[in-house]
Amino acid sequence: MAFLAQQTVNGIALGSIFALYALGFSLVLANLKVFHLAHAAVFAWGAVIAWQLIAVWRWPSLLGFAVAILLAGLLNVVAYYLLIRHLQRRRNLELAAFISSLGGLIVLTELAVLALDNKTVRLPFGTVPGGNLDIGGVRIAAIQVITLITAVVIFLLLRWLMDATELGREVKAAAFDRETAEMLGVNTERISALVFFLSGCLAAVGAILVALAFNVISADLGSVYVVTAFAVLVVGGFGSIRGAYAGGLLIGIVSAYATAYISSSYREVIVFGLLLAVLVLRPTGLFTVADAAGKA
Amino acid sequence: MANRGCLALLVSGAMVLAAAGCGGSDDDASPASSSGSSGGKTVTIGHLANLTGAASSLGAPYKKGIDLALADIEADGFLKGVGASLQIKTEDTGSTPTNAVTIFNEFERDGVAVTVSDGISPIALAIDPLANESKIPFITGAGSGTPDDDYEFHLSDVKTQYDELAPYLVSKGGPRVAAIVGTDNPAFPLLTANLKAGLEKSGGQIVATETVESGDTDFSSVLTNLQKADPDVVFISTLADQAGNVLAQMQQVGGFDGVLKTVQSGVSRVVADVAGAGATGVVLRPAWAPGAPGSEDFVTRYEAANSGDSPDTNAAFGYQSGWIIATAVKKALEGGGPVTGEALRPLIAEASTSAEVKQHGIIPDLVIPASGATTWPGVLSNFTASGNIEAVKG
Amino acid sequence: MRDFLDVFGAYDFLVRESLVLLLVALSIYLVLQAGMFALPQVGFMGIGGYVAAVASERYGVPMAGQLVLAALAGALAGLVLGLLLARLDGIYLAIATIGFSEIVRLTARNLHITGGAVGLSGLDRTLWDALIVAIVLLALAVLGRLAYTRFGLGMTVMREDPLTAAHQGVSVRGYRAALFTLSGFIAGTAGGLHIHLRGFIEPSLFSFELLTTLLTVTVVGGMVSVMGPVLGGLVVFSLPEVLRSVDEYRNLVNGALLVAVLAFAPSGLVELPRRLFQLVARLARRRRTPAREALAAGPAPAGGSAGSVRVPSPRPATTSSPDPGRLPPGSDALVVTGLSKRFGGLQALDDVDLTVRRGEVFGLIGPNGSGKTTLLNVLSGVYHPDAGRGVVLGTPMDGEWGRPDRLARAGIARTFQTIRLLEGHTVRENVEAGAYLIQHSPLPAALLGVPSSRAERSAVRQRVSETLELVGLGDLAGHEAGALPYGLQRRVEIARALVRGPGLLLLDEPTAGMTPQERDEIFRLVDRVRAQDIGVIVVEHDVQSMTTHCDRLAVLNFGHVISLGDPLSVMREEVVVDAYIGRRS
């Protein structure tokens, strides 16, 4: 029983990271109907910037994290302007944006490789708080606690932003029908830039958590999780904050259980199998009622 | 439309052919090449170097090792007696088999006598048929056996090293061994199987096997599984960065303090770079490590030539390869024959056990047989607090 | 014959591998150029490769047999996947198919028979270069020729406007299955060839990274022509060798190339020669005299009196326009009863009954939002009604609701409120798209150009010309459709609908935005159509024209038919007047 509980905790912690990562894609997807692959590179860069500030230039950790998060947001805005914006009027927007963003992913990843000199680095020892919480035989590492709390806080913040603010209403309007929103006076381009900024910041938060929890900062940090992000989005439903979280947690728990009870090598097969099954049987996702983003 | 497409095709085709003719080959002749050797034969080694990409932690030290060997050979005047000199061409494969094949073909065209590479199996697999077709020996740090008449020589001992290590693990740690195995590279499951065979002879057993993929970064579930199996020893058979990561997370998660940890022998100090204190005391049995008897001089020279970088087992493989080749070349010329791949082939095995290599080489008792698996006893080592791999004293 | 590619020296392996990967890129091209955003080809290649490898190792199948098995395995996988994912589109389809490729890789990595992570090695490497080249050339020939058949045109329309394609009888689902199967066949063959190049197979080859490389090849080269992937392959595969000295930047260049091509030359590099040609032609044209230029610029916009090119007048009708109000004889073109359609809280159609006869012009009018276009959309298959039955030209509609391609097959054709033409194509090509259903040469016959197929093409060309004459566009067949003025574009659309001889023609606001003179011309055209015993349903706002030209009129309000019959009497009914003016509150 303790084993199951322990693996469930592992799954939730892992799933929270998946959720944060998928959420970045989800926000952009909802706003522009575009799958922004380069988000994976922005994710990696979030960690790289944090490393550069904290490990190389020896800034205090919290300051370094804050600055990295902001810079990653800006990077994503730049990516929007260079990769996506000029394609928006096109008929085959989905395909064109996917590929353009793929190009951006390749370029940004290569730049990260050059920045890291093709090595894997880590944050300085001691940035990660050590120690564990022991609750009834279940051991929760300090970093897992931090991950869980961060994910919850961000979830609440985003929900508040979307539901209770004017900005949130504008974002939702633009996501639902861009042209109409424009006619109603919403500056959809500014909204898009803002969504990309938020998404980039989210990416950096996730990347920093990964750097802390898993001790790796490498150029392809984001690419490793991209296909899992697919699964989270499909299972949770595109364009929904709640869906991204629910999907992320579900996939995290499924991963943990698969490793625990079957084998680590089948973990991915099971996750992808789940992805395909959901796509074929219930393409709108397991957790959405109304499909806002819709199929093409 | 089709016509214009065809035109574009023809133009581009012409461009590529022109480029192919000119060739963009990046020559990197090492300073060990003897330009001053008058009337002497220059023998070229082709080095398929994994300087970037997944295997760079193996390839970089290997290159430093073989370059040092060539410098030593030159300084020693080893081949002066037979009127020859050794030079090396180094090309980066980026750790991909396709590039490796192209580079091998180029080397063949350039007339190299022998090729070398460090130990990554997918590349060894790709080059094997080519080495045999073109009759150019290929010495690789990867592991497996060499059948008769084969031109590929593997330096890694995949069988006997675990025969030596297993009893140590059982006596120091305990009989219950858990293994974490990387699945992306064919070598790792193979190494684990050999450890299992070694353990069975020493009264140990594998109580749990967890497989991981090279991109995996989260090991919490895997570690929870291991804890459930309650092992005395944990064997990590993955590439260096990942091994380091596993060790770091073991420390974070806790519960592994009393467990003896061991990693596969081809790793470099990258493990400690990643794991920090988590790597201290981790045991391994590579072919060579600093602190092995008779190695101080080599370590000093290596560090001097490489801005203080410490050599590891891959560097040692490189160094040993250089001397084995030089000895084979010497024997070929002493025998009066030409220095071709075909001629060198039988001499490589001979060279590995020759007096010359025993004197100049660095890996104790590395034996490459004419056919079959390479063996070496290995040097019991561990990671020190400073993150270096060093031989265990006493 | 065996090793002639050795002429490339050190690059011989690279060239051979590039040729085999080109095959996979072609299989990607095949699917993308039909507008399907699907990327399972690396998975197909893996399946083909492993089937061949296992056949070789386990069962000692000779190489020829292996290749056949590989191709068939890929094709089967394609068929199954195409059917399974039939209802997915856009990014969902892309993700599902990428997921499929990953599953193939992971399964191969975990199965014992495929050698697990180690894979299978020691495979036969005696692959004849002539075979590789022959297969690539064959694939190029087939795919290139495909573009010239009606199937190629069908796929082009599918790419540019799937809804229009469906209305010409192109079954998107059928094409999905067929293209996936063919794509799997080609990629599977490539997989089988590849293992004999390398001599071994292992799962890490079939990665997302390979997909991105091949996608780069296809996109950079261009998806509008089969030469696109070839050009893309030349660029992407040779770039690393040409740029050896800056090898670390190779990926950077690939990525930047991708972004740049999409931004500046979205149809790919293969489009550049054509663009260059057009630029030169435009520069050359500037040197002509102004008068010539006016002529070359095409007919003046509709309504302009001083147009230098006269719009050709239509051929006189063979019969005079019938007396409005008199029901012409003819069998029923359409009978529907109880048609209803609801969108959320809005009842768009409410229990609609109507009958339209062949050779009759049936008008549909009503205030905005009354459901006219919805009715046409239900009839042509855009929407599935919630209730109701129908028979069109003798075919029951009950199994065909919501399927534009099936209803087109039953004999319905239509135009849309917003003109939907292929802008970059000629008038002739646009109308030819409408002739999809009247051609019956099977694919192999069409590819080979056998006499019967050629005769059919000839007949279609003739028919297109005749239809263009009928609508008065005979002289403009070679003109680019997007460059025509609005009124003429509408005629092209009508021609497209007519070319296959439908029994029922639906016209959705065909004269919107036209001058009275143009409107008259359109209605005269409708008369000529009626004379060919075709039933016509016209939706329009201009009550005057409708009363003049329609045989019968139906008035819709809030989805309900409030009046139906002789136009003059209908317009006098109080309930109709109320609906328009809104006297009742």
# chains A, B, ... in the order shown; residues from 1 in each chain; ligands from 1

$ select_by_dssp --residues "segment 337-370 of chain B" --states "alpha helix (DSSP H)" --output "VMD selection string"
chain B and resid 341 to 352 355 to 360

$ interface_residues --of "chain B" --to "chain A" --cutoff "12 Å" --atoms "only C-alpha atoms" --output "MDAnalysis selection string"
chainID B and resid 51:57 94 180:184 208:229 240:255 270:278

$ interface_residues --of "chain C" --to "chain B" --cutoff "9 Å" --atoms "only C-alpha atoms" --output "VMD selection string"
chain C and resid 8 to 14 17 109 116 to 119 121 to 122 125 144 198 to 200 202 to 204 225 to 228 230 to 231 234 to 235 238 to 239 241 to 245 248 269 to 274

$ residues_around --residues "Asn306 of chain B" --least-positions-apart "3" --cutoff "10 Å" --atoms "only C-alpha atoms" --output "PyMOL selection string"
chain B and resi 61+64-65+68+300-303+309-311

$ residues_around --residues "Ala64 of chain C" --least-positions-apart "3" --cutoff "12 Å" --atoms "only C-alpha atoms" --output "list in words"
Ala52, Ala55, Ser56, Gly60, Val61, Leu67, Val68, Leu69, Ala70, Ala71, Thr126, Leu127, Trp128, Leu131, Thr189, Gly192, Leu193 and His196 of chain C

$ closest_residue --among "A:Ser199, A:Thr150, A:Thr109, A:Thr127" --to "chain C" --atoms "only C-alpha atoms"
A:Thr109

$ closest_atom_pairs --of "chain C" --to "chain A" --cutoff "6 Å" --atoms "only C-alpha atoms" --output "tab-separated table"
residue	atom	partner	partner_atom	distance
C:Asp89	CA	A:Ala296	CA	5.6
C:Gly90	CA	A:Ala296	CA	5.1
C:Ile103	CA	A:Val269	CA	5.8
C:Leu252	CA	A:Val107	CA	4.8
C:Gly255	CA	A:Gly103	CA	4.1
C:Leu258	CA	A:Gly103	CA	5.2
C:Val259	CA	A:Ser100	CA	4.9

$ write_last_selection --atoms "C-alpha atoms" --output "compact mmCIF listing (two decimals), in the first residue's frame"
# COMPACT_ATOMS: atom_id res chain seq x y z
CA ASP C 89 -8.15 16.50 -39.16
CA GLY C 90 -5.59 19.20 -38.75
CA ILE C 103 4.57 3.51 -31.03
CA LEU C 252 21.06 25.74 -37.67
CA GLY C 255 16.11 25.20 -39.32
CA LEU C 258 12.69 26.01 -43.05
CA VAL C 259 11.56 29.29 -41.54

$ atom_distance --atom1 "atom CA of Val219 of chain C" --atom2 "atom CA of Ala483 of chain C"
27.3 Å

$ atom_distance --atom1 "atom CA of Ala178 of chain C" --atom2 "atom CA of Ala459 of chain C"
26.6 Å

$ residues_around --residues "Gly322 of chain B" --least-positions-apart "3" --cutoff "8 Å" --atoms "only C-alpha atoms" --output "number ranges by chain"
B: 66-67, 69-70, 318-319, 325-326

$ residues_around --residues "Val42 of chain A" --least-positions-apart "5" --cutoff "9 Å" --atoms "only C-alpha atoms" --output "number ranges by chain"
A: 47, 72-73, 75-76, 79, 105, 108-109, 200, 203-204, 222

$ residues_around --residues "Ser453 of chain C" --least-positions-apart "3" --cutoff "10 Å" --atoms "only C-alpha atoms" --output "ChimeraX atom specification"
/C:149,439-450,456-459

$ atom_distance --atom1 "atom CA of Phe44 of chain C" --atom2 "atom CA of Ser27 of chain C"
9.7 Å
